[in-house]
>>> print(open('structure-v7.tsv').read())   # TSV, C-alpha atoms and all ligand atoms
chain	number	residue	atom	x	y	z
A	20	LEU	CA	-9.87	-40.13	29.50
A	21	ALA	CA	-7.12	-42.45	30.74
A	22	SER	CA	-5.25	-41.23	33.83
A	23	ASP	CA	-1.99	-41.32	31.86
A	24	SER	CA	-3.54	-38.66	29.60
A	25	LEU	CA	-3.43	-36.06	32.36
A	26	PRO	CA	0.31	-35.25	32.04
A	27	THR	CA	-0.16	-34.71	28.30
A	28	LEU	CA	-3.23	-32.53	28.82
A	29	PHE	CA	-1.45	-30.37	31.41
A	30	LYS	CA	1.61	-30.06	29.18
A	31	THR	CA	-0.75	-28.83	26.45
A	32	LEU	CA	-2.41	-26.34	28.82
A	33	THR	CA	0.98	-25.01	29.91
A	34	PHE	CA	2.06	-24.55	26.27
A	35	ALA	CA	-1.14	-22.61	25.44
A	36	CYS	CA	-0.80	-20.47	28.60
A	37	GLU	CA	2.72	-19.46	27.57
A	38	LYS	CA	1.74	-18.72	23.96
A	39	HIS	CA	-1.32	-16.61	24.87
A	40	ALA	CA	0.35	-15.01	27.93
A	41	ASN	CA	0.28	-11.44	26.65
A	42	GLN	CA	-3.13	-11.56	24.93
A	43	ARG	CA	-6.48	-10.32	26.19
A	44	ARG	CA	-10.06	-10.94	25.06
A	45	LYS	CA	-12.04	-8.09	23.51
A	46	ASP	CA	-14.38	-7.57	26.50
A	47	PRO	CA	-14.13	-4.31	28.48
A	48	ALA	CA	-12.48	-6.13	31.39
A	49	GLY	CA	-9.66	-7.35	29.12
A	50	THR	CA	-10.00	-10.92	30.34
A	51	PRO	CA	-6.83	-13.04	29.85
A	52	TYR	CA	-7.09	-14.75	26.45
A	53	ILE	CA	-6.26	-18.20	27.85
A	54	ASN	CA	-9.66	-18.26	29.59
A	55	HIS	CA	-11.14	-18.87	26.12
A	56	PRO	CA	-9.26	-22.02	25.00
A	57	ILE	CA	-9.61	-23.47	28.50
A	58	GLY	CA	-13.33	-22.67	28.39
A	59	VAL	CA	-13.72	-24.30	24.96
A	60	ALA	CA	-12.07	-27.51	26.20
A	61	SER	CA	-14.19	-27.34	29.34
A	62	LEU	CA	-17.41	-27.20	27.28
A	63	LEU	CA	-16.30	-30.37	25.50
A	64	VAL	CA	-15.59	-32.13	28.80
A	65	GLU	CA	-19.01	-31.03	30.06
A	66	GLY	CA	-20.51	-32.56	26.91
A	67	GLY	CA	-18.85	-35.91	27.61
A	68	VAL	CA	-15.91	-35.70	25.19
A	69	THR	CA	-13.04	-37.86	26.46
A	70	ASP	CA	-10.86	-38.07	23.33
A	71	LEU	CA	-7.45	-36.66	24.29
A	72	VAL	CA	-6.59	-35.38	20.79
A	73	THR	CA	-9.86	-33.42	20.63
A	74	LEU	CA	-9.30	-31.85	24.07
A	75	GLN	CA	-5.69	-30.95	23.18
A	76	ALA	CA	-6.83	-29.40	19.89
A	77	ALA	CA	-9.44	-27.36	21.78
A	78	VAL	CA	-6.75	-26.01	24.13
A	79	LEU	CA	-4.47	-25.21	21.16
A	80	HIS	CA	-7.12	-24.13	18.61
A	81	ASP	CA	-6.13	-20.43	18.46
A	82	THR	CA	-2.34	-20.81	18.82
A	83	ILE	CA	-1.46	-20.84	15.11
A	84	GLU	CA	-4.04	-18.19	14.22
A	85	ASP	CA	-3.28	-15.74	17.01
A	86	THR	CA	0.32	-16.38	18.23
A	87	ASP	CA	3.75	-17.10	16.74
A	88	THR	CA	3.11	-20.86	16.97
A	89	THR	CA	3.73	-22.83	13.76
A	90	ALA	CA	2.17	-26.07	12.53
A	91	ASP	CA	5.63	-27.69	12.58
A	92	GLU	CA	6.00	-26.77	16.24
A	93	LEU	CA	2.63	-28.35	17.15
A	94	GLU	CA	3.41	-31.46	15.10
A	95	THR	CA	6.80	-31.91	16.76
A	96	ILE	CA	5.57	-31.39	20.30
A	97	PHE	CA	2.03	-32.84	20.19
A	98	GLY	CA	2.01	-35.05	17.09
A	99	PRO	CA	0.35	-34.98	13.66
A	100	ALA	CA	-3.21	-35.79	14.81
A	101	VAL	CA	-3.42	-32.79	17.15
A	102	CYS	CA	-1.73	-30.55	14.60
A	103	HIS	CA	-4.20	-31.61	11.90
A	104	VAL	CA	-7.27	-30.69	13.99
A	105	VAL	CA	-5.79	-27.32	14.97
A	106	LEU	CA	-5.10	-26.56	11.29
A	107	GLU	CA	-8.72	-27.42	10.46
A	108	CYS	CA	-9.75	-24.78	13.01
A	109	THR	CA	-7.28	-22.15	11.76
A	110	ASP	CA	-8.25	-19.27	9.44
A	111	ASP	CA	-5.81	-18.00	6.80
A	112	MET	CA	-4.96	-14.66	8.40
A	113	SER	CA	-3.45	-13.34	5.16
A	114	LEU	CA	-7.00	-13.04	3.78
A	115	PRO	CA	-9.29	-10.10	4.53
A	116	SER	CA	-11.77	-10.75	7.36
A	117	PRO	CA	-14.95	-10.93	5.17
A	118	GLU	CA	-13.24	-13.56	2.98
A	119	ARG	CA	-12.17	-15.56	6.07
A	120	LYS	CA	-15.75	-15.53	7.34
A	121	LEU	CA	-17.10	-16.78	3.97
A	122	ARG	CA	-14.53	-19.57	3.95
A	123	GLN	CA	-15.51	-20.74	7.42
A	124	VAL	CA	-19.09	-21.15	6.23
A	125	ALA	CA	-17.98	-22.95	3.06
A	126	LYS	CA	-15.55	-25.29	4.88
A	127	ALA	CA	-17.60	-26.13	7.98
A	128	ALA	CA	-19.44	-29.12	6.49
A	129	HIS	CA	-16.20	-30.75	5.36
A	130	VAL	CA	-14.07	-30.89	8.52
A	131	SER	CA	-13.33	-33.97	10.66
A	132	GLN	CA	-15.51	-35.03	13.60
A	133	ARG	CA	-12.84	-33.77	16.03
A	134	ALA	CA	-12.73	-30.36	14.35
A	135	ARG	CA	-16.53	-30.18	14.31
A	136	LEU	CA	-16.53	-30.56	18.09
A	137	VAL	CA	-13.85	-27.90	18.62
A	138	LYS	CA	-15.52	-25.46	16.21
A	139	LEU	CA	-18.95	-25.92	17.80
A	140	ALA	CA	-17.58	-25.34	21.30
A	141	ASP	CA	-15.56	-22.33	20.05
A	142	LYS	CA	-18.65	-20.65	18.59
A	143	LEU	CA	-20.75	-21.49	21.65
A	144	TYR	CA	-18.11	-19.97	23.93
A	145	ASN	CA	-17.80	-16.81	21.81
A	146	LEU	CA	-21.57	-16.34	21.54
A	147	ARG	CA	-21.93	-16.68	25.30
A	148	ASP	CA	-19.06	-14.23	25.71
A	149	LEU	CA	-20.94	-11.75	23.51
A	150	CYS	CA	-24.06	-12.22	25.67
A	151	ARG	CA	-22.03	-11.61	28.80
A	152	ALA	CA	-20.30	-8.39	27.69
A	153	VAL	CA	-20.20	-6.49	24.39
A	154	PRO	CA	-16.60	-6.22	23.05
A	155	VAL	CA	-15.04	-2.78	23.18
A	156	GLY	CA	-16.17	-0.63	20.24
A	157	TRP	CA	-18.77	-3.06	18.87
A	158	SER	CA	-22.13	-1.63	17.75
A	159	PRO	CA	-25.36	-3.62	18.22
A	160	ASP	CA	-25.28	-4.23	14.44
A	161	ARG	CA	-21.85	-5.78	14.67
A	162	VAL	CA	-22.90	-8.07	17.53
A	163	GLN	CA	-25.96	-9.08	15.50
A	164	GLY	CA	-23.76	-9.67	12.45
A	165	TYR	CA	-21.49	-11.97	14.41
A	166	TYR	CA	-24.50	-13.87	15.72
A	167	HIS	CA	-25.90	-14.46	12.22
A	168	TRP	CA	-22.54	-15.52	10.83
A	169	ALA	CA	-21.83	-17.88	13.74
A	170	LYS	CA	-25.24	-19.51	13.23
A	171	GLN	CA	-24.47	-20.08	9.54
A	172	VAL	CA	-21.32	-21.93	10.60
A	173	THR	CA	-22.81	-23.96	13.48
A	174	ASP	CA	-25.89	-24.99	11.48
A	175	GLN	CA	-23.54	-27.06	9.33
A	176	LEU	CA	-21.77	-28.62	12.29
A	177	LEU	CA	-24.85	-29.93	14.12
A	178	GLY	CA	-24.94	-33.64	14.92
A	179	ALA	CA	-21.44	-33.91	16.33
A	180	SER	CA	-22.54	-33.49	19.96
A	181	PRO	CA	-26.12	-33.60	21.32
A	182	PHE	CA	-24.98	-31.54	24.31
A	183	LEU	CA	-23.48	-28.71	22.22
A	184	ASP	CA	-26.43	-28.82	19.80
A	185	LYS	CA	-28.79	-28.31	22.74
A	186	GLN	CA	-26.75	-25.47	24.27
A	187	LEU	CA	-26.61	-23.67	20.91
A	188	ALA	CA	-30.32	-24.22	20.22
A	189	ASP	CA	-31.16	-22.73	23.64
A	190	LEU	CA	-28.89	-19.76	23.00
A	191	TYR	CA	-30.35	-19.06	19.55
A	192	GLN	CA	-33.92	-19.55	20.78
A	193	ASN	CA	-33.63	-17.31	23.80
A	194	GLY	CA	-32.85	-14.37	21.52
A	195	THR	CA	-30.36	-12.77	23.88
A	196	PHE	CA	-29.14	-10.88	20.84
A	197	THR	CA	-32.33	-8.91	20.23
A	198	TYR	CA	-31.55	-5.26	20.87
B	201	LIG	P1	-14.40	-10.72	14.58
B	201	LIG	O1	-15.79	-10.59	14.16
B	201	LIG	O2	-13.61	-11.79	13.93
B	201	LIG	O3	-14.33	-10.85	16.18
B	201	LIG	C1	-14.89	-11.92	16.77
B	201	LIG	C2	-13.83	-12.86	17.25
B	201	LIG	O4	-13.09	-12.24	18.28
B	201	LIG	C3	-14.42	-14.11	17.85
B	201	LIG	O5	-14.65	-15.07	16.85
B	201	LIG	C4	-13.36	-14.51	18.83
B	201	LIG	O6	-12.41	-15.26	18.08
B	201	LIG	C5	-12.69	-13.20	19.23
B	201	LIG	N1	-13.06	-12.64	20.55
B	201	LIG	C6	-12.19	-12.08	21.41
B	201	LIG	N2	-12.81	-11.59	22.47
B	201	LIG	C7	-14.12	-11.87	22.33
B	201	LIG	C8	-15.25	-11.64	23.15
B	201	LIG	N3	-15.16	-11.01	24.33
B	201	LIG	N4	-16.46	-12.05	22.71
B	201	LIG	C9	-16.56	-12.67	21.52
B	201	LIG	N5	-15.51	-12.93	20.69
B	201	LIG	C10	-14.28	-12.53	21.10
B	201	LIG	O7	-13.61	-9.41	14.54
B	201	LIG	P2	-12.73	-8.87	13.40
B	201	LIG	O8	-11.87	-7.85	14.02
B	201	LIG	O9	-12.12	-9.90	12.55
B	201	LIG	O10	-13.87	-8.17	12.61
B	201	LIG	C11	-13.84	-8.08	11.30
B	201	LIG	C12	-15.23	-8.36	10.76
B	201	LIG	O11	-16.18	-7.56	11.44
B	201	LIG	C13	-15.30	-8.00	9.31
B	201	LIG	O12	-15.89	-9.09	8.61
B	201	LIG	C14	-16.17	-6.78	9.24
B	201	LIG	O13	-17.03	-6.85	8.13
B	201	LIG	C15	-16.94	-6.85	10.50
B	201	LIG	N6	-17.16	-5.53	11.04
B	201	LIG	C16	-18.44	-5.14	11.25
B	201	LIG	C17	-18.71	-3.89	11.76
B	201	LIG	C18	-20.11	-3.52	12.01
B	201	LIG	O14	-20.38	-2.55	12.66
B	201	LIG	N7	-21.08	-4.28	11.51
B	201	LIG	C19	-17.65	-2.96	12.10
B	201	LIG	C20	-16.32	-3.48	11.87
B	201	LIG	C21	-16.11	-4.72	11.37
B	201	LIG	P3	-11.44	-16.39	18.72
B	201	LIG	O15	-12.23	-17.60	18.99
B	201	LIG	O16	-10.44	-16.59	17.59
B	201	LIG	O17	-10.84	-15.74	19.91
B	202	ZN	ZN	-11.41	-19.51	19.55
>>> encode(input="structure-v7.tsv", output="structure tokens", more="lines below")
Ligand code: NDP
Ligand code: ZN
Amino acid sequence: LASDSLPTLFKTLTFACEKHANQRRKDPAGTPYINHPIGVASLLVEGGVTDLVTLQAAVLHDTIEDTDTTADELETIFGPAVCHVVLECTDDMSLPSPERKLRQVAKAAHVSQRARLVKLADKLYNLRDLCRAVPVGWSPDRVQGYYHWAKQVTDQLLGASPFLDKQLADLYQNGTFTY
């Protein structure tokens, strides 16, 4: 990561902080939502990713899906490459949730290398979050269901990052989700 990338990365972080400012995660503590995109980008850094566009897309990956941010806005401010990766990581929220989940499985194998990295780190973060604290109102069956679905998605993304592959394999093998 070139040192002249840092201003761009911090501008991206500031944008995501503002967009997610009023959102909370689903854990009982109501953790600020921004912890998640920062954590996803952090997992990529830990895994040796230095591509600025990938790290920006990780920071922004839930802005279109979960805030009033538009693709045009991202393209204008951060450029078409970043916008493209974020769109690859964005579900069509006009569809019912079961349909969205099926589409993620169907689309996973066909996304770009940058999107594979962001999607892998996103699932790893969320699975670890589920291990850490069960979201409010979730039954053990629902946690288990998420786990099985996430594995269907990540199984098709393997090979993009040896580090993330290893972290996911450890998580799936340790069976933290057995109730
Ligand atoms: P999701 O299954 O989509 O919720 C998981 C998502 O919530 C994650 O992908 C993550 O997305 C985000 N998230 C926020 N906080 C946390 C956290 N602390 N830990 C992990 N993930 C977190 O929920 P929906 O509301 O969309 O659920 C709908 C689906 O759940 C339907 O398909 C339905 O069939 C199923 N369902 C199952 C039930 C059951 O008992 N089996 C009951 C009700 C619904 P992000 O990365 O975008 O933040
Ligand atoms: Zn996410």
>>> residues_around(input="structure-v7.tsv", residues="Ala169 (chain A)", least_positions_apart="6", cutoff="9 Å", atoms="all atoms listed in the file", output="number ranges by chain")
A: 124, 142-143, 146
>>> closest_residue(input="structure-v7.tsv", among="A:Ala188, A:Ile96, A:Val130, A:Leu79", to="ligand LIG 201 (chain B)", atoms="all atoms listed in the file")
A:Leu79
>>> residues_near_point(input="structure-v7.tsv", point="(-22.0, -13.6, 13.3)", cutoff="12 Å", atoms="all atoms listed in the file", output="compact mmCIF listing (two decimals) with C-alpha atoms, in the coordinates of the input")
# COMPACT_ATOMS: atom_id res chain seq x y z
CA PRO A 117 -14.95 -10.93 5.17
CA LYS A 120 -15.75 -15.53 7.34
CA LEU A 121 -17.10 -16.78 3.97
CA GLN A 123 -15.51 -20.74 7.42
CA VAL A 124 -19.09 -21.15 6.23
CA LYS A 142 -18.65 -20.65 18.59
CA LEU A 143 -20.75 -21.49 21.65
CA ASN A 145 -17.80 -16.81 21.81
CA LEU A 146 -21.57 -16.34 21.54
CA LEU A 149 -20.94 -11.75 23.51
CA PRO A 159 -25.36 -3.62 18.22
CA ASP A 160 -25.28 -4.23 14.44
CA ARG A 161 -21.85 -5.78 14.67
CA VAL A 162 -22.90 -8.07 17.53
CA GLN A 163 -25.96 -9.08 15.50
CA GLY A 164 -23.76 -9.67 12.45
CA TYR A 165 -21.49 -11.97 14.41
CA TYR A 166 -24.50 -13.87 15.72
CA HIS A 167 -25.90 -14.46 12.22
CA TRP A 168 -22.54 -15.52 10.83
CA ALA A 169 -21.83 -17.88 13.74
CA LYS A 170 -25.24 -19.51 13.23
CA GLN A 171 -24.47 -20.08 9.54
CA VAL A 172 -21.32 -21.93 10.60
CA THR A 173 -22.81 -23.96 13.48
CA TYR A 191 -30.35 -19.06 19.55
CA PHE A 196 -29.14 -10.88 20.84
>>> atom_distance(input="structure-v7.tsv", atom1="CA of Val78 (chain A)", atom2="CA of Pro56 (chain A)")
4.8 Å
>>> closest_residue(input="structure-v7.tsv", among="A:Gln192, A:His55, A:Leu93, A:Thr86", to="Thr31 (chain A)", atoms="only C-alpha atoms")
A:Leu93
>>> closest_atom_pairs(input="structure-v7.tsv", of="chain A", to="ligand ZN 202 (chain B)", cutoff="12 Å", atoms="only C-alpha atoms and all ligand atoms", output="JSON lines")
{"residue": "A:His39", "atom": "CA", "partner": "B:ZN202", "partner_atom": "ZN", "distance": 11.8}
{"residue": "A:Arg44", "atom": "CA", "partner": "B:ZN202", "partner_atom": "ZN", "distance": 10.3}
{"residue": "A:Tyr52", "atom": "CA", "partner": "B:ZN202", "partner_atom": "ZN", "distance": 9.4}
{"residue": "A:Ile53", "atom": "CA", "partner": "B:ZN202", "partner_atom": "ZN", "distance": 9.9}
{"residue": "A:Asn54", "atom": "CA", "partner": "B:ZN202", "partner_atom": "ZN", "distance": 10.3}
{"residue": "A:His55", "atom": "CA", "partner": "B:ZN202", "partner_atom": "ZN", "distance": 6.6}
{"residue": "A:Pro56", "atom": "CA", "partner": "B:ZN202", "partner_atom": "ZN", "distance": 6.4}
{"residue": "A:Ile57", "atom": "CA", "partner": "B:ZN202", "partner_atom": "ZN", "distance": 10.0}
{"residue": "A:Gly58", "atom": "CA", "partner": "B:ZN202", "partner_atom": "ZN", "distance": 9.6}
{"residue": "A:Val59", "atom": "CA", "partner": "B:ZN202", "partner_atom": "ZN", "distance": 7.6}
{"residue": "A:Ala60", "atom": "CA", "partner": "B:ZN202", "partner_atom": "ZN", "distance": 10.4}
{"residue": "A:Ala76", "atom": "CA", "partner": "B:ZN202", "partner_atom": "ZN", "distance": 10.9}
{"residue": "A:Ala77", "atom": "CA", "partner": "B:ZN202", "partner_atom": "ZN", "distance": 8.4}
{"residue": "A:Val78", "atom": "CA", "partner": "B:ZN202", "partner_atom": "ZN", "distance": 9.2}
{"residue": "A:Leu79", "atom": "CA", "partner": "B:ZN202", "partner_atom": "ZN", "distance": 9.1}
{"residue": "A:His80", "atom": "CA", "partner": "B:ZN202", "partner_atom": "ZN", "distance": 6.4}
{"residue": "A:Asp81", "atom": "CA", "partner": "B:ZN202", "partner_atom": "ZN", "distance": 5.5}
{"residue": "A:Thr82", "atom": "CA", "partner": "B:ZN202", "partner_atom": "ZN", "distance": 9.2}
{"residue": "A:Ile83", "atom": "CA", "partner": "B:ZN202", "partner_atom": "ZN", "distance": 11.0}
{"residue": "A:Glu84", "atom": "CA", "partner": "B:ZN202", "partner_atom": "ZN", "distance": 9.2}
{"residue": "A:Asp85", "atom": "CA", "partner": "B:ZN202", "partner_atom": "ZN", "distance": 9.3}
{"residue": "A:Val105", "atom": "CA", "partner": "B:ZN202", "partner_atom": "ZN", "distance": 10.7}
{"residue": "A:Cys108", "atom": "CA", "partner": "B:ZN202", "partner_atom": "ZN", "distance": 8.6}
{"residue": "A:Thr109", "atom": "CA", "partner": "B:ZN202", "partner_atom": "ZN", "distance": 9.2}
{"residue": "A:Asp110", "atom": "CA", "partner": "B:ZN202", "partner_atom": "ZN", "distance": 10.6}
{"residue": "A:Val137", "atom": "CA", "partner": "B:ZN202", "partner_atom": "ZN", "distance": 8.8}
{"residue": "A:Lys138", "atom": "CA", "partner": "B:ZN202", "partner_atom": "ZN", "distance": 8.0}
{"residue": "A:Leu139", "atom": "CA", "partner": "B:ZN202", "partner_atom": "ZN", "distance": 10.0}
{"residue": "A:Ala140", "atom": "CA", "partner": "B:ZN202", "partner_atom": "ZN", "distance": 8.7}
{"residue": "A:Asp141", "atom": "CA", "partner": "B:ZN202", "partner_atom": "ZN", "distance": 5.0}
{"residue": "A:Lys142", "atom": "CA", "partner": "B:ZN202", "partner_atom": "ZN", "distance": 7.4}
{"residue": "A:Leu143", "atom": "CA", "partner": "B:ZN202", "partner_atom": "ZN", "distance": 9.8}
{"residue": "A:Tyr144", "atom": "CA", "partner": "B:ZN202", "partner_atom": "ZN", "distance": 8.0}
{"residue": "A:Asn145", "atom": "CA", "partner": "B:ZN202", "partner_atom": "ZN", "distance": 7.3}
{"residue": "A:Leu146", "atom": "CA", "partner": "B:ZN202", "partner_atom": "ZN", "distance": 10.8}
{"residue": "A:Asp148", "atom": "CA", "partner": "B:ZN202", "partner_atom": "ZN", "distance": 11.2}
>>> closest_residue(input="structure-v7.tsv", among="A:Ser113, A:Pro51, A:Lys38, A:Ala134", to="Leu74 (chain A)", atoms="only C-alpha atoms")
A:Ala134
>>> closest_residue(input="structure-v7.tsv", among="A:Asn41, A:Ser116, A:Thr73, A:Gln132", to="ligand LIG 201 (chain B)", atoms="only C-alpha atoms and all ligand atoms")
A:Ser116
>>> atom_distance(input="structure-v7.tsv", atom1="CA of Gly98 (chain A)", atom2="atom O16 of ligand LIG 201 (chain B)")
22.3 Å
>>> closest_residue(input="structure-v7.tsv", among="A:Gln186, A:Thr88, A:Ser158, A:Gln75", to="ligand LIG 201 (chain B)", atoms="only C-alpha atoms and all ligand atoms")
A:Ser158
